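Engineer: Below is the file my_file_2.txt, which contains compact mmCIF, C-alpha atoms.
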```
# COMPACT_ATOMS: atom_id res chain seq x y z
CA MET A 1 -7.87 -23.83 -7.35
CA ARG A 2 -10.34 -24.82 -4.69
CA ASN A 3 -13.61 -22.89 -4.91
CA PRO A 4 -13.78 -20.20 -2.20
CA ASN A 5 -16.28 -20.55 0.59
CA SER A 6 -19.51 -18.93 -0.50
CA SER A 7 -20.52 -17.53 2.87
CA MET A 8 -21.49 -13.86 3.02
CA LEU A 9 -20.84 -11.27 5.70
CA ARG A 10 -23.42 -8.60 6.40
CA PRO A 11 -22.38 -5.01 5.65
CA ALA A 12 -21.25 -3.25 8.80
CA ALA A 13 -20.59 0.25 9.97
CA VAL A 14 -17.01 0.60 11.14
CA ARG A 15 -15.24 2.87 13.55
CA PRO A 16 -11.46 3.23 13.83
CA ALA A 17 -9.81 1.73 16.86
CA GLY A 18 -9.69 4.27 19.67
CA ALA A 19 -12.15 6.66 18.01
CA GLY A 20 -15.52 7.69 19.38
CA LEU A 21 -18.78 6.32 18.06
CA ALA A 22 -19.57 9.67 16.44
CA ARG A 23 -17.52 8.76 13.37
CA CYS A 24 -18.77 5.62 11.62
CA TRP A 25 -17.40 4.06 8.48
CA TRP A 26 -19.10 1.93 5.86
CA VAL A 27 -17.13 -1.09 4.71
CA ALA A 28 -16.72 -2.27 1.13
CA TRP A 29 -17.85 -5.86 1.65
CA THR A 30 -17.79 -6.92 -2.02
CA LEU A 31 -14.83 -9.24 -1.55
CA LEU A 32 -16.65 -10.99 1.25
CA LEU A 33 -19.60 -11.89 -0.98
CA ALA A 34 -19.94 -15.24 -2.73
CA ALA A 35 -17.47 -15.73 -5.57
CA PRO A 36 -20.11 -16.31 -8.30
CA LEU A 37 -21.52 -12.82 -7.66
CA ALA A 38 -18.09 -11.23 -7.83
CA THR A 39 -17.26 -12.81 -11.19
CA GLN A 40 -20.37 -11.75 -13.07
CA ALA A 41 -19.16 -9.05 -15.44
CA GLY A 42 -21.14 -5.86 -15.15
CA SER A 43 -23.39 -7.17 -12.42
CA THR A 44 -24.42 -5.01 -9.50
CA VAL A 45 -24.53 -6.61 -6.08
CA MET A 46 -27.35 -5.17 -4.00
CA LEU A 47 -26.99 -5.50 -0.25
CA ALA A 48 -30.12 -5.95 1.81
CA ALA A 49 -30.90 -3.05 4.11
CA ALA A 50 -30.10 -3.89 7.71
CA THR A 51 -29.26 -2.19 10.96
CA PRO A 52 -25.45 -2.23 10.86
CA ALA A 53 -23.29 -3.46 13.68
CA VAL A 54 -20.43 -1.18 14.71
CA VAL A 55 -16.99 -2.75 14.47
CA THR A 56 -13.45 -1.40 14.46
CA GLU A 57 -11.21 -0.89 11.46
CA TYR A 58 -9.04 -3.83 12.42
CA GLU A 59 -11.94 -6.18 13.02
CA VAL A 60 -12.88 -5.50 9.41
CA LYS A 61 -9.30 -5.99 8.23
CA ALA A 62 -9.11 -9.25 10.19
CA ALA A 63 -12.18 -10.46 8.29
CA TYR A 64 -10.48 -9.53 5.02
CA LEU A 65 -7.33 -11.49 5.92
CA LEU A 66 -9.37 -14.60 6.64
CA ARG A 67 -11.29 -14.15 3.39
CA PHE A 68 -8.08 -13.65 1.41
CA THR A 69 -6.88 -17.12 2.44
CA ARG A 70 -9.80 -18.61 0.49
CA TYR A 71 -8.79 -16.86 -2.74
CA ILE A 72 -5.09 -17.70 -2.81
CA GLU A 73 -3.26 -20.77 -4.10
CA TRP A 74 0.14 -21.56 -2.58
CA PRO A 75 2.66 -24.08 -3.92
CA ALA A 76 2.10 -27.52 -2.39
CA ALA A 77 5.63 -27.38 -0.96
CA SER A 78 4.55 -24.44 1.23
CA PHE A 79 2.80 -26.92 3.53
CA ALA A 80 4.48 -29.69 5.48
CA SER A 81 1.42 -31.92 5.08
CA PRO A 82 -2.12 -31.88 3.64
CA VAL A 83 -3.45 -30.86 7.06
CA SER A 84 -0.88 -28.20 7.92
CA PRO A 85 -2.52 -24.86 8.85
CA ILE A 86 -2.45 -21.63 6.90
CA VAL A 87 -0.33 -19.32 9.03
CA ILE A 88 -0.95 -15.56 9.09
CA GLY A 89 1.99 -13.63 10.50
CA VAL A 90 1.79 -10.09 11.86
CA LEU A 91 5.16 -8.39 11.47
CA GLY A 92 6.11 -5.49 13.71
CA ARG A 93 3.47 -3.69 15.76
CA ASN A 94 0.23 -5.65 16.14
CA PRO A 95 -2.69 -3.29 15.40
CA PHE A 96 -5.32 -6.03 15.74
CA GLY A 97 -5.15 -6.62 19.47
CA ASP A 98 -6.88 -9.99 19.76
CA ALA A 99 -9.29 -9.32 16.86
CA LEU A 100 -7.39 -11.39 14.29
CA GLU A 101 -7.02 -14.39 16.57
CA ARG A 102 -10.74 -14.18 17.46
CA THR A 103 -11.66 -13.98 13.78
CA VAL A 104 -9.75 -17.09 12.69
CA ARG A 105 -10.40 -19.17 15.82
CA GLY A 106 -12.17 -22.39 14.83
CA MET A 107 -12.26 -21.41 11.15
CA LYS A 108 -11.05 -23.47 8.22
CA SER A 109 -9.90 -22.30 4.81
CA GLN A 110 -9.34 -24.69 1.91
CA GLY A 111 -9.78 -27.52 4.39
CA ARG A 112 -7.03 -26.24 6.68
CA ASP A 113 -7.03 -24.56 10.08
CA VAL A 114 -5.98 -20.91 10.10
CA THR A 115 -3.57 -19.72 12.79
CA VAL A 116 -1.98 -16.39 13.73
CA ARG A 117 1.66 -15.82 14.61
CA LEU A 118 3.02 -12.55 16.02
CA LEU A 119 6.48 -11.97 14.56
CA GLY A 120 9.21 -10.13 16.40
CA GLY A 121 11.29 -9.73 13.24
CA ILE A 122 11.65 -10.77 9.62
CA LYS A 123 13.67 -13.85 10.58
CA GLU A 124 10.56 -15.27 12.26
CA ALA A 125 8.51 -15.10 9.04
CA GLY A 126 9.60 -18.56 7.89
CA GLY A 127 6.64 -20.92 7.71
CA CYS A 128 4.09 -18.12 7.31
CA HIS A 129 1.79 -18.10 4.29
CA MET A 130 0.64 -14.52 4.73
CA VAL A 131 2.49 -11.67 6.43
CA PHE A 132 0.69 -8.46 7.41
CA ILE A 133 2.77 -5.31 8.00
CA GLY A 134 0.95 -2.61 9.95
CA ARG A 135 1.17 1.16 9.65
CA GLY A 136 4.13 2.88 11.26
CA GLN A 137 6.60 0.31 9.91
CA GLU A 138 7.52 2.28 6.77
CA ARG A 139 11.19 2.55 7.71
CA ASP A 140 11.55 -1.24 7.69
CA GLU A 141 8.76 -2.19 5.29
CA ALA A 142 10.73 -2.00 2.02
CA ALA A 143 13.53 -4.13 3.45
CA TRP A 144 11.09 -6.72 4.81
CA LEU A 145 9.26 -6.90 1.48
CA ALA A 146 12.57 -7.34 -0.35
CA VAL A 147 13.41 -10.34 1.85
CA LEU A 148 10.01 -11.95 1.21
CA ARG A 149 9.70 -11.00 -2.47
CA ASN A 150 10.68 -14.35 -3.97
CA GLN A 151 9.23 -16.53 -1.24
CA PRO A 152 5.72 -18.11 -1.39
CA VAL A 153 4.39 -15.60 1.14
CA VAL A 154 1.49 -13.24 0.48
CA THR A 155 2.63 -9.88 1.82
CA ILE A 156 -0.08 -7.43 2.90
CA THR A 157 0.51 -3.84 3.90
CA ASP A 158 -1.70 -1.47 5.86
CA SER A 159 -1.65 1.25 3.19
CA ALA A 160 -1.96 1.40 -0.59
CA ASP A 161 1.62 2.71 -0.83
CA GLY A 162 2.88 -0.77 0.03
CA LEU A 163 2.22 -2.05 -3.49
CA ALA A 164 4.87 0.33 -4.85
CA ARG A 165 7.34 -1.18 -2.39
CA GLY A 166 6.60 -4.72 -3.56
CA ALA A 167 3.64 -5.98 -1.50
CA ILE A 168 1.16 -8.37 -3.07
CA LEU A 169 -1.94 -6.98 -1.35
CA ALA A 170 -2.74 -3.73 0.43
CA LEU A 171 -5.59 -2.95 2.82
CA PHE A 172 -6.41 0.71 3.27
CA VAL A 173 -9.12 3.14 4.28
CA GLU A 174 -10.64 5.39 1.63
CA GLU A 175 -12.80 8.41 2.36
CA LEU A 176 -16.06 8.67 0.43
CA PRO A 177 -18.91 11.21 0.55
CA THR A 178 -20.95 8.56 2.36
CA GLY A 179 -18.20 7.87 4.90
CA ALA A 180 -15.02 5.82 5.03
CA ARG A 181 -14.56 2.20 4.10
CA VAL A 182 -11.89 -0.46 3.96
CA ALA A 183 -10.76 -1.40 0.46
CA PHE A 184 -7.92 -3.43 -1.00
CA ALA A 185 -5.53 -3.42 -3.95
CA ALA A 186 -3.48 -6.21 -5.52
CA SER A 187 -0.27 -6.63 -7.51
CA LEU A 188 -0.18 -9.57 -9.90
CA PRO A 189 3.54 -9.18 -10.76
CA ALA A 190 4.39 -9.37 -7.04
CA ALA A 191 2.23 -12.48 -6.66
CA GLN A 192 3.92 -14.09 -9.67
CA ALA A 193 7.38 -13.34 -8.26
CA ALA A 194 6.37 -15.02 -5.00
CA GLY A 195 4.98 -18.08 -6.80
CA VAL A 196 1.44 -17.66 -5.44
CA GLN A 197 -1.77 -17.28 -7.41
CA LEU A 198 -4.60 -14.86 -6.65
CA SER A 199 -7.99 -16.14 -7.74
CA ALA A 200 -9.61 -14.21 -10.57
CA ALA A 201 -12.76 -14.22 -8.44
CA MET A 202 -11.31 -11.68 -6.00
CA LEU A 203 -9.88 -9.19 -8.50
CA PRO A 204 -13.14 -7.47 -9.56
CA SER A 205 -13.60 -6.44 -5.92
CA ALA A 206 -10.20 -4.74 -5.72
CA ARG A 207 -10.00 -0.95 -5.80
CA LYS A 208 -6.85 -1.27 -7.93
CA VAL A 209 -5.06 -4.16 -9.64
CA ILE A 210 -1.51 -3.84 -10.93
CA ARG A 211 -1.34 -6.28 -13.84
CA ALA A 212 2.14 -5.58 -15.22
CA GLU A 213 5.42 -4.15 -14.03
CA PRO A 214 5.76 -0.43 -14.85
CA GLU A 215 7.89 0.28 -17.91
CA GLN A 216 11.41 1.45 -17.16
CA LYS A 217 12.17 5.02 -18.23
CA GLY A 218 14.30 5.15 -21.35
CA HIS A 219 12.86 1.91 -22.75
CA PRO A 220 10.16 1.73 -25.43
```
Take the structure in this file and express it as structure tokens.

Structural biologist:
Amino acid sequence: MRNPNSSMLRPAAVRPAGAGLARCWWVAWTLLLAAPLATQAGSTVMLAAATPAVVTEYEVKAAYLLRFTRYIEWPAASFASPVSPIVIGVLGRNPFGDALERTVRGMKSQGRDVTVRLLGGIKEAGGCHMVFIGRGQERDEAAWLAVLRNQPVVTITDSADGLARGAILALFVEELPTGARVAFAASLPAAQAAGVQLSAAMLPSARKVIRAEPEQKGHP
């Protein structure tokens, strides 16, 4: 797999979209650090003190989506040509506004452009390499994930519950004594079923990693 870009994002205070500035969140930026730091077993990454910028929840999540593209290997057949872009689809309601498009504009990942596609339905997901499903789509989420389960598409949900429904990655907000932050979880069985590979460099930064399918009740 191509080595991920080693650029680092500064830690930032985050506020939820539509909320006042009184409530600030601290983001878990570990995934966004250089890969060599993330893969050192037992190491502690110290972040330099800095005056944080205030950004919204979905600006942070947009940064995560871009970063994820650098830690994922898709089958070669997923791309029409060596210069075809990595396409991030947003299925259902778009919670990003223009934040995701602004984040990926002019950026490259694994030598490819990164583009965003707003999807009106699951039938429009063809050709996407990542599909993000926002909150409020729970009624349709399980069905959408079932359709994409065996396709080389990295499915990402907006809550940790999505992993139980078959998503490969989940972005979610966790409350801590020091504030709230964005974290992520990953499912290796779901990635294997889709035929995509998650870099080992990203897994130590995950809040949770599902490494095997749960045992069926009644079986040893």

Engineer: I need the residue nearest Leu163 in chain A from this list: A:Pro189, A:Gly111, A:Gly136, A:Gly92. Use all atoms listed in the file for the distance.

Structural biologist: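 Ranked by minimum distance to Leu163 in chain A, first place goes to A:Pro189.
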
Engineer: Give the answer as one residue: which of A:Arg149, A:Val173, A:Gly134, A:Arg139 has the shortest atom-to-atom distance to Asn94 in chain A, using only C-alpha atoms?

Structural biologist: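 Comparing A:Arg149, A:Val173, A:Gly134, A:Arg139 against Asn94 in chain A, the winner is A:Gly134.
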
Engineer: My list of candidates is A:Leu198, A:Leu65, A:Leu169, A:Leu148. Which is closest to Thr103 in chain A when distances are computed with all atoms listed in the file?

Structural biologist: A:Leu65

Engineer: Between A:Thr157, A:Ile210, A:Ala99, A:Ser205, which residue has the minimum interatomic distance to Val60 in chain A, considering all atoms listed in the file?

Structural biologist: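 For Val60 in chain A, the nearest of the candidates is A:Ala99.
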
Engineer: Check the smallest atom-to-atom distance from each of A:Val147, A:Ala201, A:Ala193, A:Val209 to Ala160 in chain A using only C-alpha atoms, then report the winner.

Structural biologist: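 Residue with the minimum atom-to-atom distance to Ala160 in chain A: A:Val209.
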
Engineer: At what distance in Å, to one decimal, does CA of Val83 in chain A lie from CA of Gly97 in chain A?

Structural biologist: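 So the answer is 27.3 Å.
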
Engineer: Give the padded box for range 87-93 of chain A as lines of an AutoDock Vina configuration file: axis-aligned, covering all atoms listed in the file, 3 Å on each side, centre and edge lengths in Å to one decimal.

Structural biologist:
```
center_x = 2.6
center_y = -11.5
center_z = 12.4
size_x = 13.1
size_y = 21.6
size_z = 12.7
```

Engineer: Using all atoms listed in the file, can you tell me which of A:Ala194, A:Ala183, A:Val116, A:Ile88 comes closest to Ala146 in chain A?

Structural biologist: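 Once distances to Ala146 in chain A are computed over all atoms listed in the file, the minimum belongs to A:Ala194.
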
Engineer: Would you work out the distance separating CA of Lys208 in chain A from CA of Ala170 in chain A, expressed in Å to one decimal?

Structural biologist: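 Between these atoms lies a distance of 9.6 Å.
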
Engineer: Determine, counting only C-alpha atoms, which protein, DNA and RNA residues have an atom within 12 Å of an atom of Gly121 in chain A; residues of the same chain fewer than 6 positions away are not included. Present the result as a list in words.

Structural biologist: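 Answer for this query is Gly89, Val90, Leu91, Gly92, Arg93, Val131, Ile133, Gln137, Asp140, Glu141, Ala143, Trp144 and Val147 of chain A.
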